[in-house]
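Remarks on the structure that follows.
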Amino acid sequence: MERKQEVSKAVIQRLPRYYRNICELKAEGVQRISSRALAERMGLTASQIRQDFNCFGGFGQQGYGYNIDKLMEELGSILGLRAGRTAILLGAGNLGRALLNNFDFSASGFRLLCAFDANPELKGKEFGGYSVRSSDDLPSFIAAHKPDVAVLTIPRSNAPEIARELVDQGIRGLWNFTGEDLHLGGLGVPVENVHLSDSLMTLCHLVSATEE
């Protein structure tokens, strides 16, 4: 479905949450849902949901609500989950191994190909079914397999230099866990900077606010 207007980043950031809840509803056997019921489930307002969906033309019918199968298909298409994107992971340390062992990349629209690490002792090992290759093999691997995205769980100090090298080699997006904010918009490459501490500090503020 074509977008009716330029969509704000705030709306885009809510789309994965909508998609996750719709997938859960489908698993529960729900076939359709109203904007009001979906809003109650997600802690939003029905008006907010309708406004967000209207950015893409709207998906419901007045008096009927949203068909779960159709909504899941439409949201998945908007998010690009059917595009067959591929990814690689750089840095098989504790955080990298946690992602390899526990995160479902395919559910988020990516097929993870393998991991890379500079530590020779990790070469050839597997975590979560993914093999670890030497960082020396990275340029040739990217040239041969053309992955779309790189997941960065490398040391913070190395992040800016390696990020630019990856872009030069053809990587089209970065999922960055290094703690270093990377801004590569000038190169035409989107970066999702993930700071777990930001989320926890937000919770700290909210807990403190309840005590006032």
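Here's how to read the names in the structure tokens: chain A, B, ... by the order shown, residue numbers from 1 in each chain, ligand numbers from 1 in the order shown.
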
Please produce, as a tab-separated table, a per-residue contact table for stretch 73-110 of chain A versus stretch 19-42 of chain A (criterion: any atom at most 12 Å away, only C-alpha atoms considered), showing the nearest atom pair and its distance in Å to one decimal, sorted by chain then residue number.
residue	atom	partner	partner_atom	distance
A:Glu73	CA	A:Tyr19	CA	9.2
A:Glu74	CA	A:Tyr19	CA	9.4
A:Leu75	CA	A:Tyr19	CA	6.2
A:Gly76	CA	A:Tyr19	CA	7.1
A:Ser77	CA	A:Tyr19	CA	10.5
A:Ile78	CA	A:Tyr19	CA	10.2
A:Leu79	CA	A:Tyr19	CA	8.9
A:Gly80	CA	A:Tyr19	CA	11.8
A:Leu81	CA	A:Tyr19	CA	10.5
A:Ala107	CA	A:Arg20	CA	9.6
A:Ser108	CA	A:Arg20	CA	9.7
A:Gly109	CA	A:Tyr19	CA	11.9

Those in stretch 67-191 of chain A with strand (DSSP E or B) from DSSP, as a VMD selection string: chain A and resid 67 85 to 90 110 to 117 126 to 127 130 to 134 149 to 152 173 to 176 191

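The coordinates place atom CA of A:Tyr130 at 6.8 Å from atom CA of A:Ala115.
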
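One distance worth recording is that between atom CA of A:Leu152 and atom CA of A:Leu90, which is 5.2 Å.
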
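For the choices A:Gly65, A:Arg111, A:Phe53, A:Val11, the atom-to-atom distance to A:Arg82 is smallest for A:Arg111 when using only C-alpha atoms.
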
Name the residues of stretch 10-171 of chain A that fall into helix (DSSP H, G or I) according to DSSP on the backbone, using the chain letters and numbers of this document, as a PDB file with N, CA and C atoms, in the first residue's frame.
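Listing of states07.pdb after writing:
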ATOM      1  N   ALA A  10       8.308   8.738  14.437  1.00  0.00           N
ATOM      2  CA  ALA A  10       7.560   8.201  15.576  1.00  0.00           C
ATOM      3  C   ALA A  10       6.570   7.132  15.126  1.00  0.00           C
ATOM      4  N   VAL A  11       5.911   7.366  13.995  1.00  0.00           N
ATOM      5  CA  VAL A  11       4.970   6.367  13.462  1.00  0.00           C
ATOM      6  C   VAL A  11       5.726   5.113  13.038  1.00  0.00           C
ATOM      7  N   ILE A  12       6.825   5.299  12.324  1.00  0.00           N
ATOM      8  CA  ILE A  12       7.626   4.158  11.867  1.00  0.00           C
ATOM      9  C   ILE A  12       8.080   3.319  13.058  1.00  0.00           C
ATOM     10  N   GLN A  13       8.464   3.987  14.143  1.00  0.00           N
ATOM     11  CA  GLN A  13       8.944   3.256  15.317  1.00  0.00           C
ATOM     12  C   GLN A  13       7.830   2.482  16.010  1.00  0.00           C
ATOM     13  N   ARG A  14       6.578   2.861  15.786  1.00  0.00           N
ATOM     14  CA  ARG A  14       5.462   2.109  16.379  1.00  0.00           C
ATOM     15  C   ARG A  14       5.065   0.906  15.530  1.00  0.00           C
ATOM     16  N   LEU A  15       5.424   0.897  14.266  1.00  0.00           N
ATOM     17  CA  LEU A  15       4.999  -0.187  13.382  1.00  0.00           C
ATOM     18  C   LEU A  15       5.431  -1.580  13.856  1.00  0.00           C
ATOM     19  N   PRO A  16       6.698  -1.763  14.292  1.00  0.00           N
ATOM     20  CA  PRO A  16       7.064  -3.102  14.774  1.00  0.00           C
ATOM     21  C   PRO A  16       6.219  -3.560  15.952  1.00  0.00           C
ATOM     22  N   ARG A  17       5.832  -2.628  16.822  1.00  0.00           N
ATOM     23  CA  ARG A  17       4.987  -2.983  17.962  1.00  0.00           C
ATOM     24  C   ARG A  17       3.604  -3.411  17.497  1.00  0.00           C
ATOM     25  N   TYR A  18       3.057  -2.693  16.511  1.00  0.00           N
ATOM     26  CA  TYR A  18       1.775  -3.103  15.929  1.00  0.00           C
ATOM     27  C   TYR A  18       1.892  -4.510  15.346  1.00  0.00           C
ATOM     28  N   TYR A  19       2.962  -4.719  14.583  1.00  0.00           N
ATOM     29  CA  TYR A  19       3.134  -6.004  13.915  1.00  0.00           C
ATOM     30  C   TYR A  19       3.260  -7.133  14.933  1.00  0.00           C
ATOM     31  N   ARG A  20       4.029  -6.900  15.979  1.00  0.00           N
ATOM     32  CA  ARG A  20       4.201  -7.938  17.018  1.00  0.00           C
ATOM     33  C   ARG A  20       2.869  -8.298  17.663  1.00  0.00           C
ATOM     34  N   ASN A  21       2.069  -7.294  17.986  1.00  0.00           N
ATOM     35  CA  ASN A  21       0.777  -7.558  18.620  1.00  0.00           C
ATOM     36  C   ASN A  21      -0.188  -8.269  17.667  1.00  0.00           C
ATOM     37  N   ILE A  22      -0.157  -7.895  16.395  1.00  0.00           N
ATOM     38  CA  ILE A  22      -1.024  -8.556  15.422  1.00  0.00           C
ATOM     39  C   ILE A  22      -0.623 -10.021  15.258  1.00  0.00           C
ATOM     40  N   CYS A  23       0.679 -10.293  15.241  1.00  0.00           N
ATOM     41  CA  CYS A  23       1.149 -11.684  15.153  1.00  0.00           C
ATOM     42  C   CYS A  23       0.692 -12.485  16.371  1.00  0.00           C
ATOM     43  N   GLU A  24       0.732 -11.867  17.547  1.00  0.00           N
ATOM     44  CA  GLU A  24       0.270 -12.538  18.763  1.00  0.00           C
ATOM     45  C   GLU A  24      -1.223 -12.814  18.698  1.00  0.00           C
ATOM     46  N   LEU A  25      -1.985 -11.857  18.178  1.00  0.00           N
ATOM     47  CA  LEU A  25      -3.431 -12.047  18.044  1.00  0.00           C
ATOM     48  C   LEU A  25      -3.739 -13.193  17.080  1.00  0.00           C
ATOM     49  N   LYS A  26      -3.003 -13.262  15.979  1.00  0.00           N
ATOM     50  CA  LYS A  26      -3.206 -14.357  15.030  1.00  0.00           C
ATOM     51  C   LYS A  26      -2.927 -15.702  15.685  1.00  0.00           C
ATOM     52  N   ALA A  27      -1.855 -15.761  16.479  1.00  0.00           N
ATOM     53  CA  ALA A  27      -1.509 -17.006  17.176  1.00  0.00           C
ATOM     54  C   ALA A  27      -2.583 -17.394  18.187  1.00  0.00           C
ATOM     55  N   SER A  35     -10.190  -1.003  16.342  1.00  0.00           N
ATOM     56  CA  SER A  35      -9.112  -0.104  16.778  1.00  0.00           C
ATOM     57  C   SER A  35      -9.185   0.110  18.284  1.00  0.00           C
ATOM     58  N   ARG A  36     -10.387   0.109  18.828  1.00  0.00           N
ATOM     59  CA  ARG A  36     -10.542   0.296  20.273  1.00  0.00           C
ATOM     60  C   ARG A  36      -9.946  -0.880  21.043  1.00  0.00           C
ATOM     61  N   ALA A  37     -10.240  -2.111  20.608  1.00  0.00           N
ATOM     62  CA  ALA A  37      -9.720  -3.296  21.291  1.00  0.00           C
ATOM     63  C   ALA A  37      -8.206  -3.379  21.157  1.00  0.00           C
ATOM     64  N   LEU A  38      -7.699  -3.034  19.974  1.00  0.00           N
ATOM     65  CA  LEU A  38      -6.251  -3.056  19.776  1.00  0.00           C
ATOM     66  C   LEU A  38      -5.584  -1.995  20.641  1.00  0.00           C
ATOM     67  N   ALA A  39      -6.230  -0.835  20.764  1.00  0.00           N
ATOM     68  CA  ALA A  39      -5.689   0.240  21.593  1.00  0.00           C
ATOM     69  C   ALA A  39      -5.623  -0.177  23.056  1.00  0.00           C
ATOM     70  N   GLU A  40      -6.665  -0.838  23.536  1.00  0.00           N
ATOM     71  CA  GLU A  40      -6.679  -1.297  24.926  1.00  0.00           C
ATOM     72  C   GLU A  40      -5.569  -2.306  25.172  1.00  0.00           C
ATOM     73  N   ARG A  41      -5.330  -3.158  24.212  1.00  0.00           N
ATOM     74  CA  ARG A  41      -4.291  -4.183  24.343  1.00  0.00           C
ATOM     75  C   ARG A  41      -2.902  -3.545  24.401  1.00  0.00           C
ATOM     76  N   MET A  42      -2.715  -2.453  23.641  1.00  0.00           N
ATOM     77  CA  MET A  42      -1.392  -1.867  23.490  1.00  0.00           C
ATOM     78  C   MET A  42      -1.159  -0.644  24.377  1.00  0.00           C
ATOM     79  N   ALA A  46      -7.521   4.612  20.407  1.00  0.00           N
ATOM     80  CA  ALA A  46      -8.030   4.190  19.099  1.00  0.00           C
ATOM     81  C   ALA A  46      -7.738   5.251  18.048  1.00  0.00           C
ATOM     82  N   SER A  47      -7.819   6.518  18.449  1.00  0.00           N
ATOM     83  CA  SER A  47      -7.538   7.607  17.524  1.00  0.00           C
ATOM     84  C   SER A  47      -6.097   7.567  17.040  1.00  0.00           C
ATOM     85  N   GLN A  48      -5.156   7.281  17.956  1.00  0.00           N
ATOM     86  CA  GLN A  48      -3.742   7.201  17.581  1.00  0.00           C
ATOM     87  C   GLN A  48      -3.514   6.087  16.567  1.00  0.00           C
ATOM     88  N   ILE A  49      -4.133   4.940  16.802  1.00  0.00           N
ATOM     89  CA  ILE A  49      -3.968   3.819  15.885  1.00  0.00           C
ATOM     90  C   ILE A  49      -4.524   4.163  14.508  1.00  0.00           C
ATOM     91  N   ARG A  50      -5.705   4.754  14.466  1.00  0.00           N
ATOM     92  CA  ARG A  50      -6.296   5.111  13.171  1.00  0.00           C
ATOM     93  C   ARG A  50      -5.438   6.136  12.446  1.00  0.00           C
ATOM     94  N   GLN A  51      -4.914   7.115  13.174  1.00  0.00           N
ATOM     95  CA  GLN A  51      -4.052   8.117  12.554  1.00  0.00           C
ATOM     96  C   GLN A  51      -2.789   7.481  11.984  1.00  0.00           C
ATOM     97  N   ASP A  52      -2.190   6.576  12.750  1.00  0.00           N
ATOM     98  CA  ASP A  52      -0.969   5.911  12.282  1.00  0.00           C
ATOM     99  C   ASP A  52      -1.247   5.102  11.018  1.00  0.00           C
ATOM    100  N   PHE A  53      -2.314   4.305  11.035  1.00  0.00           N
ATOM    101  CA  PHE A  53      -2.616   3.460   9.886  1.00  0.00           C
ATOM    102  C   PHE A  53      -3.033   4.284   8.671  1.00  0.00           C
ATOM    103  N   ASN A  54      -3.659   5.431   8.914  1.00  0.00           N
ATOM    104  CA  ASN A  54      -4.071   6.284   7.801  1.00  0.00           C
ATOM    105  C   ASN A  54      -2.886   6.875   7.053  1.00  0.00           C
ATOM    106  N   ILE A  68      -7.200  -9.501  10.714  1.00  0.00           N
ATOM    107  CA  ILE A  68      -5.871  -9.799  11.259  1.00  0.00           C
ATOM    108  C   ILE A  68      -4.908 -10.258  10.176  1.00  0.00           C
ATOM    109  N   ASP A  69      -5.327 -11.173   9.314  1.00  0.00           N
ATOM    110  CA  ASP A  69      -4.434 -11.680   8.266  1.00  0.00           C
ATOM    111  C   ASP A  69      -4.005 -10.570   7.319  1.00  0.00           C
ATOM    112  N   LYS A  70      -4.968  -9.733   6.909  1.00  0.00           N
ATOM    113  CA  LYS A  70      -4.650  -8.658   5.978  1.00  0.00           C
ATOM    114  C   LYS A  70      -3.745  -7.627   6.639  1.00  0.00           C
ATOM    115  N   LEU A  71      -4.030  -7.299   7.898  1.00  0.00           N
ATOM    116  CA  LEU A  71      -3.228  -6.295   8.592  1.00  0.00           C
ATOM    117  C   LEU A  71      -1.797  -6.792   8.789  1.00  0.00           C
ATOM    118  N   MET A  72      -1.638  -8.056   9.123  1.00  0.00           N
ATOM    119  CA  MET A  72      -0.304  -8.615   9.292  1.00  0.00           C
ATOM    120  C   MET A  72       0.464  -8.584   7.971  1.00  0.00           C
ATOM    121  N   GLU A  73      -0.231  -8.897   6.880  1.00  0.00           N
ATOM    122  CA  GLU A  73       0.407  -8.867   5.569  1.00  0.00           C
ATOM    123  C   GLU A  73       0.826  -7.450   5.179  1.00  0.00           C
ATOM    124  N   GLU A  74      -0.076  -6.486   5.399  1.00  0.00           N
ATOM    125  CA  GLU A  74       0.208  -5.103   5.034  1.00  0.00           C
ATOM    126  C   GLU A  74       1.358  -4.532   5.865  1.00  0.00           C
ATOM    127  N   LEU A  75       1.322  -4.752   7.180  1.00  0.00           N
ATOM    128  CA  LEU A  75       2.390  -4.234   8.037  1.00  0.00           C
ATOM    129  C   LEU A  75       3.721  -4.895   7.714  1.00  0.00           C
ATOM    130  N   GLY A  76       3.690  -6.200   7.446  1.00  0.00           N
ATOM    131  CA  GLY A  76       4.914  -6.903   7.082  1.00  0.00           C
ATOM    132  C   GLY A  76       5.518  -6.360   5.802  1.00  0.00           C
ATOM    133  N   SER A  77       4.639  -6.000   4.855  1.00  0.00           N
ATOM    134  CA  SER A  77       5.110  -5.430   3.593  1.00  0.00           C
ATOM    135  C   SER A  77       5.731  -4.054   3.814  1.00  0.00           C
ATOM    136  N   ILE A  78       5.075  -3.215   4.612  1.00  0.00           N
ATOM    137  CA  ILE A  78       5.598  -1.880   4.897  1.00  0.00           C
ATOM    138  C   ILE A  78       6.950  -1.961   5.590  1.00  0.00           C
ATOM    139  N   LEU A  79       7.088  -2.902   6.516  1.00  0.00           N
ATOM    140  CA  LEU A  79       8.339  -3.065   7.256  1.00  0.00           C
ATOM    141  C   LEU A  79       9.434  -3.735   6.427  1.00  0.00           C
ATOM    142  N   ASN A  94      30.489 -11.376  24.506  1.00  0.00           N
ATOM    143  CA  ASN A  94      29.322 -11.766  25.313  1.00  0.00           C
ATOM    144  C   ASN A  94      28.007 -11.311  24.699  1.00  0.00           C
ATOM    145  N   LEU A  95      27.934 -10.033  24.299  1.00  0.00           N
ATOM    146  CA  LEU A  95      26.697  -9.527  23.718  1.00  0.00           C
ATOM    147  C   LEU A  95      26.420 -10.157  22.360  1.00  0.00           C
ATOM    148  N   GLY A  96      27.463 -10.258  21.555  1.00  0.00           N
ATOM    149  CA  GLY A  96      27.294 -10.888  20.249  1.00  0.00           C
ATOM    150  C   GLY A  96      26.802 -12.317  20.365  1.00  0.00           C
ATOM    151  N   ARG A  97      27.376 -13.082  21.289  1.00  0.00           N
ATOM    152  CA  ARG A  97      26.954 -14.474  21.473  1.00  0.00           C
ATOM    153  C   ARG A  97      25.530 -14.549  22.005  1.00  0.00           C
ATOM    154  N   ALA A  98      25.154 -13.583  22.851  1.00  0.00           N
ATOM    155  CA  ALA A  98      23.784 -13.569  23.358  1.00  0.00           C
ATOM    156  C   ALA A  98      22.796 -13.397  22.212  1.00  0.00           C
ATOM    157  N   LEU A  99      23.111 -12.510  21.272  1.00  0.00           N
ATOM    158  CA  LEU A  99      22.239 -12.329  20.112  1.00  0.00           C
ATOM    159  C   LEU A  99      22.226 -13.579  19.238  1.00  0.00           C
ATOM    160  N   LEU A 100      23.389 -14.152  19.000  1.00  0.00           N
ATOM    161  CA  LEU A 100      23.468 -15.354  18.166  1.00  0.00           C
ATOM    162  C   LEU A 100      22.671 -16.500  18.772  1.00  0.00           C
ATOM    163  N   ASN A 101      22.748 -16.638  20.079  1.00  0.00           N
ATOM    164  CA  ASN A 101      22.102 -17.761  20.748  1.00  0.00           C
ATOM    165  C   ASN A 101      20.607 -17.577  20.965  1.00  0.00           C
ATOM    166  N   ASN A 102      20.166 -16.324  21.070  1.00  0.00           N
ATOM    167  CA  ASN A 102      18.799 -16.110  21.545  1.00  0.00           C
ATOM    168  C   ASN A 102      17.897 -15.272  20.657  1.00  0.00           C
ATOM    169  N   SER A 106      15.163 -13.974  11.889  1.00  0.00           N
ATOM    170  CA  SER A 106      14.213 -14.212  10.801  1.00  0.00           C
ATOM    171  C   SER A 106      12.852 -13.589  11.093  1.00  0.00           C
ATOM    172  N   ALA A 107      12.455 -13.545  12.361  1.00  0.00           N
ATOM    173  CA  ALA A 107      11.171 -12.947  12.720  1.00  0.00           C
ATOM    174  C   ALA A 107      11.168 -11.443  12.498  1.00  0.00           C
ATOM    175  N   SER A 108      12.354 -10.859  12.397  1.00  0.00           N
ATOM    176  CA  SER A 108      12.477  -9.424  12.168  1.00  0.00           C
ATOM    177  C   SER A 108      12.866  -9.093  10.734  1.00  0.00           C
ATOM    178  N   PRO A 120      41.333 -15.067  17.106  1.00  0.00           N
ATOM    179  CA  PRO A 120      41.549 -16.323  16.368  1.00  0.00           C
ATOM    180  C   PRO A 120      41.016 -17.554  17.099  1.00  0.00           C
ATOM    181  N   GLU A 121      40.877 -17.448  18.431  1.00  0.00           N
ATOM    182  CA  GLU A 121      40.369 -18.596  19.192  1.00  0.00           C
ATOM    183  C   GLU A 121      38.888 -18.853  18.926  1.00  0.00           C
ATOM    184  N   LEU A 122      38.187 -17.869  18.392  1.00  0.00           N
ATOM    185  CA  LEU A 122      36.755 -18.038  18.111  1.00  0.00           C
ATOM    186  C   LEU A 122      36.487 -18.531  16.691  1.00  0.00           C
ATOM    187  N   SER A 135      37.860 -12.064  11.082  1.00  0.00           N
ATOM    188  CA  SER A 135      37.617 -10.721  10.552  1.00  0.00           C
ATOM    189  C   SER A 135      38.397 -10.471   9.269  1.00  0.00           C
ATOM    190  N   ASP A 136      39.486 -11.206   9.080  1.00  0.00           N
ATOM    191  CA  ASP A 136      40.277 -11.047   7.859  1.00  0.00           C
ATOM    192  C   ASP A 136      39.478 -11.441   6.617  1.00  0.00           C
ATOM    193  N   ASP A 137      38.478 -12.304   6.810  1.00  0.00           N
ATOM    194  CA  ASP A 137      37.676 -12.781   5.676  1.00  0.00           C
ATOM    195  C   ASP A 137      36.502 -11.865   5.346  1.00  0.00           C
ATOM    196  N   LEU A 138      36.329 -10.808   6.146  1.00  0.00           N
ATOM    197  CA  LEU A 138      35.146  -9.963   6.012  1.00  0.00           C
ATOM    198  C   LEU A 138      35.006  -9.307   4.638  1.00  0.00           C
ATOM    199  N   PRO A 139      36.018  -8.631   4.112  1.00  0.00           N
ATOM    200  CA  PRO A 139      35.852  -7.969   2.809  1.00  0.00           C
ATOM    201  C   PRO A 139      35.463  -8.924   1.686  1.00  0.00           C
ATOM    202  N   SER A 140      36.122 -10.085   1.635  1.00  0.00           N
ATOM    203  CA  SER A 140      35.821 -11.036   0.559  1.00  0.00           C
ATOM    204  C   SER A 140      34.427 -11.629   0.735  1.00  0.00           C
ATOM    205  N   PHE A 141      33.997 -11.837   2.001  1.00  0.00           N
ATOM    206  CA  PHE A 141      32.669 -12.383   2.252  1.00  0.00           C
ATOM    207  C   PHE A 141      31.594 -11.392   1.809  1.00  0.00           C
ATOM    208  N   ILE A 142      31.789 -10.119   2.145  1.00  0.00           N
ATOM    209  CA  ILE A 142      30.817  -9.106   1.749  1.00  0.00           C
ATOM    210  C   ILE A 142      30.741  -9.001   0.232  1.00  0.00           C
ATOM    211  N   ALA A 143      31.874  -9.052  -0.420  1.00  0.00           N
ATOM    212  CA  ALA A 143      31.900  -8.972  -1.880  1.00  0.00           C
ATOM    213  C   ALA A 143      31.166 -10.148  -2.520  1.00  0.00           C
ATOM    214  N   ALA A 144      31.298 -11.320  -1.919  1.00  0.00           N
ATOM    215  CA  ALA A 144      30.689 -12.522  -2.499  1.00  0.00           C
ATOM    216  C   ALA A 144      29.206 -12.648  -2.175  1.00  0.00           C
ATOM    217  N   HIS A 145      28.807 -12.293  -0.941  1.00  0.00           N
ATOM    218  CA  HIS A 145      27.436 -12.557  -0.491  1.00  0.00           C
ATOM    219  C   HIS A 145      26.558 -11.310  -0.398  1.00  0.00           C
ATOM    220  N   ARG A 156      33.649  -0.199  21.352  1.00  0.00           N
ATOM    221  CA  ARG A 156      33.188   1.143  20.991  1.00  0.00           C
ATOM    222  C   ARG A 156      34.247   1.927  20.223  1.00  0.00           C
ATOM    223  N   SER A 157      35.495   1.811  20.638  1.00  0.00           N
ATOM    224  CA  SER A 157      36.557   2.618  20.022  1.00  0.00           C
ATOM    225  C   SER A 157      36.747   2.300  18.545  1.00  0.00           C
ATOM    226  N   ASN A 158      36.387   1.073  18.145  1.00  0.00           N
ATOM    227  CA  ASN A 158      36.595   0.666  16.754  1.00  0.00           C
ATOM    228  C   ASN A 158      35.399   0.982  15.861  1.00  0.00           C
ATOM    229  N   ALA A 159      34.291   1.371  16.462  1.00  0.00           N
ATOM    230  CA  ALA A 159      33.031   1.455  15.726  1.00  0.00           C
ATOM    231  C   ALA A 159      33.048   2.442  14.555  1.00  0.00           C
ATOM    232  N   PRO A 160      33.456   3.706  14.736  1.00  0.00           N
ATOM    233  CA  PRO A 160      33.373   4.649  13.613  1.00  0.00           C
ATOM    234  C   PRO A 160      34.173   4.216  12.390  1.00  0.00           C
ATOM    235  N   GLU A 161      35.406   3.775  12.615  1.00  0.00           N
ATOM    236  CA  GLU A 161      36.258   3.370  11.495  1.00  0.00           C
ATOM    237  C   GLU A 161      35.692   2.146  10.787  1.00  0.00           C
ATOM    238  N   ILE A 162      35.297   1.141  11.569  1.00  0.00           N
ATOM    239  CA  ILE A 162      34.774  -0.081  10.965  1.00  0.00           C
ATOM    240  C   ILE A 162      33.454   0.186  10.258  1.00  0.00           C
ATOM    241  N   ALA A 163      32.617   1.050  10.820  1.00  0.00           N
ATOM    242  CA  ALA A 163      31.337   1.360  10.189  1.00  0.00           C
ATOM    243  C   ALA A 163      31.549   1.945   8.798  1.00  0.00           C
ATOM    244  N   ARG A 164      32.473   2.864   8.678  1.00  0.00           N
ATOM    245  CA  ARG A 164      32.729   3.469   7.366  1.00  0.00           C
ATOM    246  C   ARG A 164      33.345   2.471   6.393  1.00  0.00           C
ATOM    247  N   GLU A 165      34.175   1.588   6.885  1.00  0.00           N
ATOM    248  CA  GLU A 165      34.733   0.542   6.021  1.00  0.00           C
ATOM    249  C   GLU A 165      33.616  -0.375   5.505  1.00  0.00           C
ATOM    250  N   LEU A 166      32.681  -0.695   6.382  1.00  0.00           N
ATOM    251  CA  LEU A 166      31.556  -1.547   5.973  1.00  0.00           C
ATOM    252  C   LEU A 166      30.719  -0.874   4.897  1.00  0.00           C
ATOM    253  N   VAL A 167      30.476   0.416   5.078  1.00  0.00           N
ATOM    254  CA  VAL A 167      29.702   1.156   4.076  1.00  0.00           C
ATOM    255  C   VAL A 167      30.449   1.176   2.745  1.00  0.00           C
ATOM    256  N   ASP A 168      31.746   1.403   2.782  1.00  0.00           N
ATOM    257  CA  ASP A 168      32.550   1.399   1.559  1.00  0.00           C
ATOM    258  C   ASP A 168      32.489   0.047   0.855  1.00  0.00           C
TER     259      ASP A 168
END

Residues near A:Ala150, cut-off 6 Å, only C-alpha atoms, skip fewer than 5 positions along chain, as a list in words: Ala87, Ile88, Leu89 and Leu174 of chain A

Output file for the residues above (N, CA and C atoms, as an mmCIF file, in the first residue's frame):
data_model
loop_
_atom_site.group_PDB
_atom_site.id
_atom_site.type_symbol
_atom_site.label_atom_id
_atom_site.label_comp_id
_atom_site.auth_asym_id
_atom_site.auth_seq_id
_atom_site.Cartn_x
_atom_site.Cartn_y
_atom_site.Cartn_z
ATOM 1 N N ALA A 87 21.991 -10.452 6.819
ATOM 2 C CA ALA A 87 22.786 -9.708 7.792
ATOM 3 C C ALA A 87 24.000 -10.523 8.214
ATOM 4 N N ILE A 88 24.997 -9.800 8.707
ATOM 5 C CA ILE A 88 26.157 -10.412 9.335
ATOM 6 C C ILE A 88 26.336 -9.748 10.696
ATOM 7 N N LEU A 89 27.040 -10.421 11.592
ATOM 8 C CA LEU A 89 27.293 -9.879 12.921
ATOM 9 C C LEU A 89 28.786 -9.758 13.135
ATOM 10 N N LEU A 174 23.137 -0.410 9.459
ATOM 11 C CA LEU A 174 23.862 -0.883 10.631
ATOM 12 C C LEU A 174 22.937 -0.941 11.837
#
